[in-house]
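Inspection log for the structure reproduced underneath, given as structure tokens.
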Amino acid sequence: MRHFLPDQASLNEIFGAYITKGLRFEVKPEPYFGGYALKVLFAEGSNASPLLPLPAAEMQTPEAAQQWLEQLRDTKLAMITRGMLG
């Protein structure tokens, strides 16, 4: 089953406010989630790198993938970065 994974341009568009504050994002295969995950990379030297799932069921179309990424941004990412990015 084909699913859509974000490219760097999509990540920049969706997570731009976080990227300008120094966070980096990578899409990587992640067997634990049974597919792919979005790896959040904090500042240089940080050993914290949360993984956010990119389930194939939520990534069936480019629009669905964008909606899922926006949901991750607005819920999970907002929660783990609260207070960190001032």
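Following the order of the structure tokens, chains are lettered A, B, ..., residues in each are numbered from 1, and ligands are numbered from 1.
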Practice problem: Would you return as a ChimeraX atom specification the members of chain A that DSSP assigns to helix (DSSP H, G or I) on this structure's backbone? | Solution: /A:8-19,31-33,56-58,62-81
Quiz prompt | Contacts of Tyr32 of chain A at 12 Å (only C-alpha atoms; same-chain gap of 6+ positions) as a ChimeraX atom specification | solution = /A:51-55
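Excluding Thr81 of chain A and any residue on its chain fewer than 6 positions from it, the residues at most 10 Å away by only C-alpha atoms are Tyr18, Leu23 and Phe42 of chain A.
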Keeping only C-alpha atoms, write the selected residues as an mmCIF file, in the first residue's frame.
data_model
loop_
_atom_site.group_PDB
_atom_site.id
_atom_site.type_symbol
_atom_site.label_atom_id
_atom_site.label_comp_id
_atom_site.auth_asym_id
_atom_site.auth_seq_id
_atom_site.Cartn_x
_atom_site.Cartn_y
_atom_site.Cartn_z
ATOM 1 C CA TYR A 18 9.741 25.331 15.017
ATOM 2 C CA LEU A 23 14.440 22.264 15.718
ATOM 3 C CA PHE A 42 16.546 19.471 19.350
#
Quiz item: Within 10 Å of Arg24 of chain A, counting only C-alpha atoms, which residues qualify if same-chain residues fewer than 3 places away don't, as a list of chain:residue names?
Solution: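 The residues satisfying every condition are A:Leu11, A:Asn12, A:Phe15, A:Gly16, A:Tyr18, A:Ile19, A:Thr20, A:Lys21, A:Lys39, A:Val40, A:Leu41, A:Phe42, A:Ala43, A:Ser49.
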Practice problem: May I ask for the distance between atom CA of Pro31 of chain A and atom CA of Gln71 of chain A, given in Å to one decimal place? | Solution: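 A separation of 21.9 Å between them.
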Quiz item: Got a sec to tell me which of chain A DSSP assigns to strand (DSSP E), as a list of chain:residue names?
Solution: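 For chain A, the strand (DSSP E) set is A:Arg24, A:Phe25, A:Glu26, A:Val27, A:Lys28, A:Pro29, A:Glu30, A:Gly35, A:Tyr36, A:Ala37, A:Leu38, A:Lys39, A:Val40, A:Leu41, A:Leu51, A:Leu52, A:Pro53, A:Leu54.
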Quiz item: Of the residues A:Ser46, A:Leu72, A:Gln8, A:Ala56, which is the one nearest to Glu30 of chain A, using only C-alpha atoms?
Solution: A:Ala56
Exercise. Do a neighbour search on Ala57 of chain A at 12 Å with only C-alpha atoms, toss out local chain neighbours closer than 2 positions, and write the hits as a VMD selection string.
Key: chain A and resid 1 to 5 33 to 36 53 to 55 59 to 61 64 to 65 68
Store the residues picked out above in a file with N, CA, C and O atoms, as a short mmCIF file (atom, residue, chain, number, x, y, z; two decimals), in the first residue's frame.
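Result file follows (again38.cif):
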data_model
loop_
_atom_site.label_atom_id
_atom_site.label_comp_id
_atom_site.auth_asym_id
_atom_site.auth_seq_id
_atom_site.Cartn_x
_atom_site.Cartn_y
_atom_site.Cartn_z
N MET A 1 0.84 -1.17 0.00
CA MET A 1 0.00 0.00 0.00
C MET A 1 0.89 1.25 0.00
O MET A 1 1.79 1.36 0.82
N ARG A 2 0.65 2.13 -0.93
CA ARG A 2 1.45 3.35 -1.01
C ARG A 2 0.93 4.37 -0.01
O ARG A 2 -0.26 4.54 0.17
N HIS A 3 1.85 5.05 0.64
CA HIS A 3 1.46 6.16 1.48
C HIS A 3 2.42 7.32 1.25
O HIS A 3 3.51 7.14 0.71
N PHE A 4 1.98 8.48 1.62
CA PHE A 4 2.73 9.70 1.33
C PHE A 4 3.55 10.11 2.54
O PHE A 4 3.04 10.18 3.66
N LEU A 5 4.81 10.36 2.30
CA LEU A 5 5.71 10.82 3.35
C LEU A 5 6.14 12.23 3.01
O LEU A 5 6.38 12.56 1.85
N PHE A 33 6.96 1.43 15.14
CA PHE A 33 5.65 1.94 14.75
C PHE A 33 5.08 1.20 13.54
O PHE A 33 4.00 1.53 13.07
N GLY A 34 5.81 0.26 13.01
CA GLY A 34 5.32 -0.50 11.87
C GLY A 34 5.33 0.30 10.58
O GLY A 34 4.52 0.05 9.69
N GLY A 35 6.20 1.26 10.47
CA GLY A 35 6.28 2.08 9.27
C GLY A 35 7.31 3.17 9.42
O GLY A 35 8.50 2.90 9.57
N TYR A 36 6.85 4.41 9.43
CA TYR A 36 7.74 5.56 9.49
C TYR A 36 7.42 6.42 10.70
O TYR A 36 6.33 6.35 11.27
N PRO A 53 4.82 9.04 15.44
CA PRO A 53 4.44 8.06 14.41
C PRO A 53 3.82 8.71 13.18
O PRO A 53 3.13 9.72 13.27
N LEU A 54 4.11 8.11 12.03
CA LEU A 54 3.47 8.48 10.76
C LEU A 54 2.77 7.22 10.23
O LEU A 54 3.27 6.55 9.34
N PRO A 55 1.63 6.87 10.82
CA PRO A 55 0.96 5.62 10.43
C PRO A 55 0.45 5.66 9.00
O PRO A 55 -0.14 6.64 8.56
N MET A 59 -1.79 8.35 6.20
CA MET A 59 -0.96 8.98 5.19
C MET A 59 -1.34 8.51 3.78
O MET A 59 -0.50 8.39 2.91
N GLN A 60 -2.62 8.27 3.53
CA GLN A 60 -3.08 7.71 2.26
C GLN A 60 -3.06 8.71 1.11
O GLN A 60 -2.92 8.30 -0.04
N THR A 61 -3.24 9.97 1.39
CA THR A 61 -3.22 11.01 0.35
C THR A 61 -2.34 12.15 0.85
O THR A 61 -2.12 12.27 2.07
N ALA A 64 -4.32 14.05 3.47
CA ALA A 64 -4.43 13.34 4.76
C ALA A 64 -3.10 13.39 5.50
O ALA A 64 -3.07 13.58 6.72
N ALA A 65 -1.99 13.24 4.77
CA ALA A 65 -0.66 13.31 5.39
C ALA A 65 -0.44 14.69 5.99
O ALA A 65 0.04 14.81 7.12
N TRP A 68 -2.48 15.02 9.17
CA TRP A 68 -1.87 14.27 10.27
C TRP A 68 -0.66 15.01 10.84
O TRP A 68 -0.50 15.12 12.05
#
Quiz prompt | Residue nearest Lys76 of chain A among A:Pro50, A:Glu63, A:Glu58, A:Glu26 (counting only C-alpha atoms) | solution = A:Pro50
Quiz item: So, counting only C-alpha atoms, which residue among A:Arg82, A:Leu77, A:Pro62, A:Pro29 is closest to Ser10 of chain A?
Solution: A:Pro62
